[in-house]
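Below is one structure; the comments refer to it alone.
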Amino acid sequence: MNDGQPTESDLKKALNYLLEWCAKQHFDNTSTQLNVLPDTGLGQAEAARLTANLSLNRAQSFHSAGWFAHMDPPTPWVTWTTQAFTAAMNQNLLHPDTGEIGRQVEADVVAALAPHFGMDGGHMVPGSTLANLTAIWAAREVAGAREVVASELAHLSVAKAAHVLGLPYRAVPCDGAGHIEADQLGNLEGACLVLTAGATSTGSVDPMTPMPKAAWVHVDAAWAGPLRLSPTHRSKLAGLDAAQSVAVSAHKWLWQPKDSALILFSDSTAAHQALSFGGAYLAAPNIGVMGSSAARAIPLAATLMAFGLEGIAERLDACMALASRFAGHLEADSRFELWAPPETGVIAWRPVGGSVPDLRAKLAAQGYFVSQTKLDGEDWLRSVAIHPGIDVDAVYHAARS
């Protein structure tokens, strides 16, 4: 039993297991009983083999060329290794003693990304649900926000955050393309206005030029935020830098493993000060919702270094082109209906006079996965261009056959 630092041999062994599993074409169908704590352990190697069988053989593969369904990406292999390294060292960013390197890498990643969103800093959280909660909490503490206003297509986490923080929530209607109706905003004097950059069902972006005047403006850019890194498409989020806070999910269009997101502020010093708590054992303030926190910035840092800004932009542009190509197929075919031209790589569509669930099931049976949503109470298919390797032509031909 080794309770000390993992040795080079330990790390090599773990990596060799991973590479061996990934190289196999398939796994056996054996499983193990997971709902009973065994009296006698199987050993780490056998436990790893059995759980790899479940994870790599039976989990949905986002790397498939037919994955055109949800905002869950294929992860680059550099994140697999760096995720394994962070698990091996198990740094805790709550305290400099237990997470010095993780804290530094997170600060570096935030410093590199924040200017692209017109923000001056922030921190990482497990997802945009916590990012939105943190932003609205800051709006209440810093700007005295007394209500939360967002579009009817805003992510459910916005209403959830308002509820947790004890703030009234007001939903504003959207136009036919999924944009918040500016003339329906009403009085925003004491409001935290949440604008959506990439609605979950439609990918639509609320207008931000000119930015509405409110006590605090937060942009939930969980999905479309990374387009700010693309010279070709950054204008779709024009005006974003006039907001007080921005949420971005790195585990969506930056292709990170769960859980990886950022909450960024235009004045991070004021926001972090308002959200800081101390403790007798802490050498640095605990900022935000999280207490103990993993070194989730390390896989993101590795990805940014691996691809660079140009490589990230190329992947984003490729996804956007695939969405436009698929939408073009649908628009030219009278058998299908397109809800609206895709703004940020999300396509809502359906068969004319056909069953949405039936077509979805038919596609799945052929290895092509699309998701389903409701718009104005009606069923629509939803395709998300998150994988640069999606075969959109094959998906279209399978749908029309």
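For the structure tokens, the naming scheme is as follows: chains receive sequential letters (A, B, ...) according to their order of presentation, residues are indexed from 1 within each chain, and ligands are indexed from 1 in presentation order.
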Check your understanding: Quick one: residues within 12 Å of Pro115 in chain A, only C-alpha atoms counted, chain neighbours fewer than 2 positions away excluded, as a PyMOL selection string?
Key -> chain A and resi 109-113+117-122+228-229+240-241+246+264-267
Practice item. Pull the strand (DSSP E or B) assignments for range 221-380 of chain A out of DSSP run on the backbone, and list those residues as a ChimeraX atom specification. Key: /A:245-249,261-265,276-277,286-287,336-338,346-351,369,371-375,378-380
Exercise for review: Step one, run DSSP on the backbone; step two, keep only residues of range 84-151 of chain A assigned to alpha helix (DSSP H); then write them as a VMD selection string.
Suggested key: chain A and resid 84 to 89 96 to 113 128 to 143
Write a file of the selected residues as a CSV table (one decimal), in the first residue's frame, keeping C-alpha atoms.
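This is the output file selection-v4.csv:
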chain,number,residue,atom,x,y,z
A,84,ALA,CA,-5.6,11.8,-15.2
A,85,PHE,CA,-2.6,13.8,-13.9
A,86,THR,CA,-4.9,16.1,-12.0
A,87,ALA,CA,-6.7,13.2,-10.4
A,88,ALA,CA,-3.3,11.6,-9.5
A,89,MET,CA,-2.2,14.7,-7.6
A,96,PRO,CA,-2.5,27.7,-1.5
A,97,ASP,CA,-0.9,24.9,0.4
A,98,THR,CA,-3.0,22.2,-1.3
A,99,GLY,CA,-3.3,23.7,-4.7
A,100,GLU,CA,-0.6,26.2,-5.5
A,101,ILE,CA,-0.1,25.1,-9.1
A,102,GLY,CA,-3.8,24.6,-9.8
A,103,ARG,CA,-4.5,28.1,-8.5
A,104,GLN,CA,-1.7,29.6,-10.7
A,105,VAL,CA,-2.9,27.8,-13.8
A,106,GLU,CA,-6.5,28.9,-13.3
A,107,ALA,CA,-5.3,32.5,-12.8
A,108,ASP,CA,-3.3,32.2,-16.0
A,109,VAL,CA,-6.2,30.7,-18.0
A,110,VAL,CA,-8.6,33.3,-16.8
A,111,ALA,CA,-6.1,36.1,-17.6
A,112,ALA,CA,-5.7,34.7,-21.2
A,113,LEU,CA,-9.4,34.3,-21.9
A,128,SER,CA,-22.7,27.6,-16.1
A,129,THR,CA,-25.4,26.8,-13.6
A,130,LEU,CA,-23.0,27.9,-10.9
A,131,ALA,CA,-21.6,30.6,-13.1
A,132,ASN,CA,-25.0,32.1,-13.5
A,133,LEU,CA,-25.7,31.8,-9.8
A,134,THR,CA,-22.4,33.5,-9.0
A,135,ALA,CA,-23.1,36.4,-11.4
A,136,ILE,CA,-26.6,37.0,-10.1
A,137,TRP,CA,-25.3,36.8,-6.5
A,138,ALA,CA,-22.7,39.5,-7.4
A,139,ALA,CA,-25.4,41.6,-9.0
A,140,ARG,CA,-27.3,41.5,-5.7
A,141,GLU,CA,-24.3,42.2,-3.5
A,142,VAL,CA,-22.5,44.8,-5.7
A,143,ALA,CA,-25.3,46.6,-7.6
Check your understanding: Near Leu94 in chain A, within 9 Å and counting only C-alpha atoms, which residues show up once chain neighbours fewer than 3 positions away are dropped, as a PyMOL selection string?
Key -> chain A and resi 97-99+103+282+284-287+290-294
Selected residues, C-alpha atoms, written as a PDB file, in the first residue's frame, please.
ATOM      1  CA  ASP A  97      -0.867  24.875   0.435  1.00  0.00           C
ATOM      2  CA  THR A  98      -3.025  22.241  -1.266  1.00  0.00           C
ATOM      3  CA  GLY A  99      -3.348  23.714  -4.743  1.00  0.00           C
ATOM      4  CA  ARG A 103      -4.518  28.089  -8.524  1.00  0.00           C
ATOM      5  CA  LEU A 282      -7.400  29.632   5.110  1.00  0.00           C
ATOM      6  CA  ALA A 284      -6.486  33.193   1.080  1.00  0.00           C
ATOM      7  CA  PRO A 285     -10.152  34.216   0.857  1.00  0.00           C
ATOM      8  CA  ASN A 286     -12.637  31.635  -0.391  1.00  0.00           C
ATOM      9  CA  ILE A 287     -14.285  33.336  -3.376  1.00  0.00           C
ATOM     10  CA  MET A 290     -17.310  26.641  -4.336  1.00  0.00           C
ATOM     11  CA  GLY A 291     -15.308  25.489  -1.327  1.00  0.00           C
ATOM     12  CA  SER A 292     -12.985  22.634  -2.200  1.00  0.00           C
ATOM     13  CA  SER A 293     -12.300  22.747  -5.910  1.00  0.00           C
ATOM     14  CA  ALA A 294     -10.320  20.635  -8.383  1.00  0.00           C
TER      15      ALA A 294
END
If you take only C-alpha atoms and a cut-off of 12 Å, which residues of range 209-255 of chain A touch range 196-203 of chain A, and what are their nearest atom pairs and distances in Å to one decimal, in chain and number order, as CSV?
residue,atom,partner,partner_atom,distance
A:Val217,CA,A:Thr196,CA,10.7
A:His218,CA,A:Thr196,CA,8.7
A:Val219,CA,A:Thr196,CA,5.8
A:Asp220,CA,A:Thr196,CA,4.9
A:Ala221,CA,A:Ala197,CA,4.6
A:Ala222,CA,A:Gly198,CA,7.3
A:Trp223,CA,A:Gly198,CA,5.3
A:Ala224,CA,A:Gly198,CA,4.9
A:Gly225,CA,A:Ala197,CA,6.8
A:Pro226,CA,A:Ala197,CA,10.2
A:Leu227,CA,A:Ala197,CA,10.0
A:Arg228,CA,A:Ala197,CA,10.9
A:Arg234,CA,A:Ala197,CA,11.6
A:Ser235,CA,A:Ala197,CA,11.9
A:Lys236,CA,A:Ala197,CA,8.9
A:Leu237,CA,A:Ala197,CA,7.2
A:Ala238,CA,A:Ala197,CA,10.4
A:Gly239,CA,A:Ala197,CA,11.1
A:Leu240,CA,A:Ala197,CA,9.0
A:Ala243,CA,A:Thr196,CA,11.8
A:Val246,CA,A:Ala197,CA,9.6
A:Ala247,CA,A:Ala197,CA,9.6
A:Val248,CA,A:Ala197,CA,9.6
A:Ser249,CA,A:Gly198,CA,11.3
A:Lys252,CA,A:Thr200,CA,11.4
A:Trp253,CA,A:Gly198,CA,11.1
Go ahead and save the residues from that selection, with N, CA and C atoms, as an mmCIF file, in the first residue's frame.
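Writing done, so here's again_2.cif:
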data_model
loop_
_atom_site.group_PDB
_atom_site.id
_atom_site.type_symbol
_atom_site.label_atom_id
_atom_site.label_comp_id
_atom_site.auth_asym_id
_atom_site.auth_seq_id
_atom_site.Cartn_x
_atom_site.Cartn_y
_atom_site.Cartn_z
ATOM 1 N N VAL A 217 -25.968 43.829 -15.901
ATOM 2 C CA VAL A 217 -26.251 42.987 -17.064
ATOM 3 C C VAL A 217 -25.299 41.795 -17.048
ATOM 4 N N HIS A 218 -25.891 40.626 -17.039
ATOM 5 C CA HIS A 218 -25.115 39.382 -17.111
ATOM 6 C C HIS A 218 -25.442 38.701 -18.424
ATOM 7 N N VAL A 219 -24.435 38.186 -19.113
ATOM 8 C CA VAL A 219 -24.652 37.446 -20.356
ATOM 9 C C VAL A 219 -24.349 35.977 -20.112
ATOM 10 N N ASP A 220 -25.376 35.152 -20.273
ATOM 11 C CA ASP A 220 -25.196 33.711 -20.202
ATOM 12 C C ASP A 220 -24.727 33.247 -21.575
ATOM 13 N N ALA A 221 -23.404 33.202 -21.747
ATOM 14 C CA ALA A 221 -22.799 32.794 -23.015
ATOM 15 C C ALA A 221 -22.234 31.385 -22.894
ATOM 16 N N ALA A 222 -22.931 30.551 -22.110
ATOM 17 C CA ALA A 222 -22.472 29.179 -21.879
ATOM 18 C C ALA A 222 -22.177 28.477 -23.197
ATOM 19 N N TRP A 223 -23.069 28.621 -24.173
ATOM 20 C CA TRP A 223 -22.889 27.939 -25.445
ATOM 21 C C TRP A 223 -22.052 28.771 -26.431
ATOM 22 N N ALA A 224 -22.511 29.972 -26.766
ATOM 23 C CA ALA A 224 -21.930 30.701 -27.887
ATOM 24 C C ALA A 224 -20.729 31.554 -27.511
ATOM 25 N N GLY A 225 -20.417 31.674 -26.224
ATOM 26 C CA GLY A 225 -19.320 32.523 -25.797
ATOM 27 C C GLY A 225 -18.014 32.311 -26.545
ATOM 28 N N PRO A 226 -17.572 31.052 -26.774
ATOM 29 C CA PRO A 226 -16.293 30.846 -27.457
ATOM 30 C C PRO A 226 -16.217 31.447 -28.863
ATOM 31 N N LEU A 227 -17.341 31.789 -29.483
ATOM 32 C CA LEU A 227 -17.277 32.435 -30.788
ATOM 33 C C LEU A 227 -16.520 33.754 -30.733
ATOM 34 N N ARG A 228 -16.368 34.315 -29.543
ATOM 35 C CA ARG A 228 -15.556 35.521 -29.402
ATOM 36 C C ARG A 228 -14.085 35.253 -29.756
ATOM 37 N N ARG A 234 -16.971 36.414 -34.261
ATOM 38 C CA ARG A 234 -17.035 37.143 -33.006
ATOM 39 C C ARG A 234 -18.077 38.264 -33.037
ATOM 40 N N SER A 235 -18.387 38.775 -34.228
ATOM 41 C CA SER A 235 -19.367 39.863 -34.327
ATOM 42 C C SER A 235 -20.764 39.424 -33.921
ATOM 43 N N LYS A 236 -21.020 38.126 -33.895
ATOM 44 C CA LYS A 236 -22.327 37.645 -33.457
ATOM 45 C C LYS A 236 -22.577 37.976 -31.988
ATOM 46 N N LEU A 237 -21.502 38.219 -31.241
ATOM 47 C CA LEU A 237 -21.615 38.592 -29.828
ATOM 48 C C LEU A 237 -21.151 40.032 -29.612
ATOM 49 N N ALA A 238 -21.356 40.877 -30.614
ATOM 50 C CA ALA A 238 -20.983 42.283 -30.501
ATOM 51 C C ALA A 238 -21.744 42.921 -29.344
ATOM 52 N N GLY A 239 -21.053 43.744 -28.589
ATOM 53 C CA GLY A 239 -21.659 44.422 -27.450
ATOM 54 C C GLY A 239 -21.495 43.694 -26.144
ATOM 55 N N LEU A 240 -21.000 42.471 -26.197
ATOM 56 C CA LEU A 240 -20.842 41.652 -24.991
ATOM 57 C C LEU A 240 -19.977 42.344 -23.945
ATOM 58 N N ALA A 243 -21.265 44.282 -20.791
ATOM 59 C CA ALA A 243 -21.916 43.614 -19.656
ATOM 60 C C ALA A 243 -21.038 43.695 -18.419
ATOM 61 N N VAL A 246 -20.052 37.633 -17.517
ATOM 62 C CA VAL A 246 -20.267 36.697 -18.618
ATOM 63 C C VAL A 246 -19.983 35.288 -18.111
ATOM 64 N N ALA A 247 -20.858 34.348 -18.451
ATOM 65 C CA ALA A 247 -20.646 32.934 -18.147
ATOM 66 C C ALA A 247 -20.304 32.193 -19.437
ATOM 67 N N VAL A 248 -19.299 31.326 -19.377
ATOM 68 C CA VAL A 248 -18.884 30.533 -20.532
ATOM 69 C C VAL A 248 -18.649 29.098 -20.074
ATOM 70 N N SER A 249 -19.239 28.146 -20.779
ATOM 71 C CA SER A 249 -19.011 26.728 -20.467
ATOM 72 C C SER A 249 -17.886 26.192 -21.335
ATOM 73 N N LYS A 252 -18.467 22.853 -23.258
ATOM 74 C CA LYS A 252 -19.296 22.838 -24.464
ATOM 75 C C LYS A 252 -18.379 23.118 -25.659
ATOM 76 N N TRP A 253 -18.309 24.376 -26.101
ATOM 77 C CA TRP A 253 -17.606 24.685 -27.344
ATOM 78 C C TRP A 253 -16.121 24.964 -27.158
#
Review point. Neighbours of Val346 in chain A within 8 Å (only C-alpha atoms; same-chain residues fewer than 2 positions away dropped), as a PyMOL selection string?
Key: chain A and resi 201-203+323+342-344+348+382-385
Pull N, CA and C atoms from the residues just selected and write them as a compact mmCIF listing (two decimals), in the first residue's frame.
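Output saved as result-v2.txt:
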# COMPACT_ATOMS: atom_id res chain seq x y z
N SER A 201 -32.20 25.70 -26.89
CA SER A 201 -33.01 25.04 -27.91
C SER A 201 -32.76 25.56 -29.32
N THR A 202 -32.35 26.81 -29.45
CA THR A 202 -32.30 27.45 -30.76
C THR A 202 -30.95 28.04 -31.13
N GLY A 203 -30.07 28.25 -30.14
CA GLY A 203 -28.79 28.90 -30.41
C GLY A 203 -28.89 30.39 -30.63
N ALA A 323 -23.12 23.48 -39.55
CA ALA A 323 -24.50 23.85 -39.24
C ALA A 323 -25.16 24.54 -40.43
N PRO A 342 -29.76 29.01 -38.55
CA PRO A 342 -28.95 28.86 -37.34
C PRO A 342 -28.01 30.05 -37.13
N GLU A 343 -28.00 30.58 -35.90
CA GLU A 343 -27.11 31.70 -35.57
C GLU A 343 -25.78 31.22 -35.02
N THR A 344 -25.84 30.20 -34.17
CA THR A 344 -24.62 29.77 -33.48
C THR A 344 -24.48 28.24 -33.47
N ALA A 348 -32.85 23.96 -35.25
CA ALA A 348 -34.14 23.39 -34.87
C ALA A 348 -34.89 23.09 -36.18
N ARG A 382 -33.56 18.88 -32.74
CA ARG A 382 -32.51 19.85 -32.43
C ARG A 382 -31.16 19.20 -32.71
N SER A 383 -30.41 19.84 -33.58
CA SER A 383 -29.08 19.35 -33.91
C SER A 383 -28.06 20.40 -33.50
N VAL A 384 -26.97 19.96 -32.90
CA VAL A 384 -25.95 20.86 -32.36
C VAL A 384 -24.61 20.54 -33.01
N ALA A 385 -24.03 21.52 -33.67
CA ALA A 385 -22.75 21.33 -34.36
C ALA A 385 -21.61 21.57 -33.38
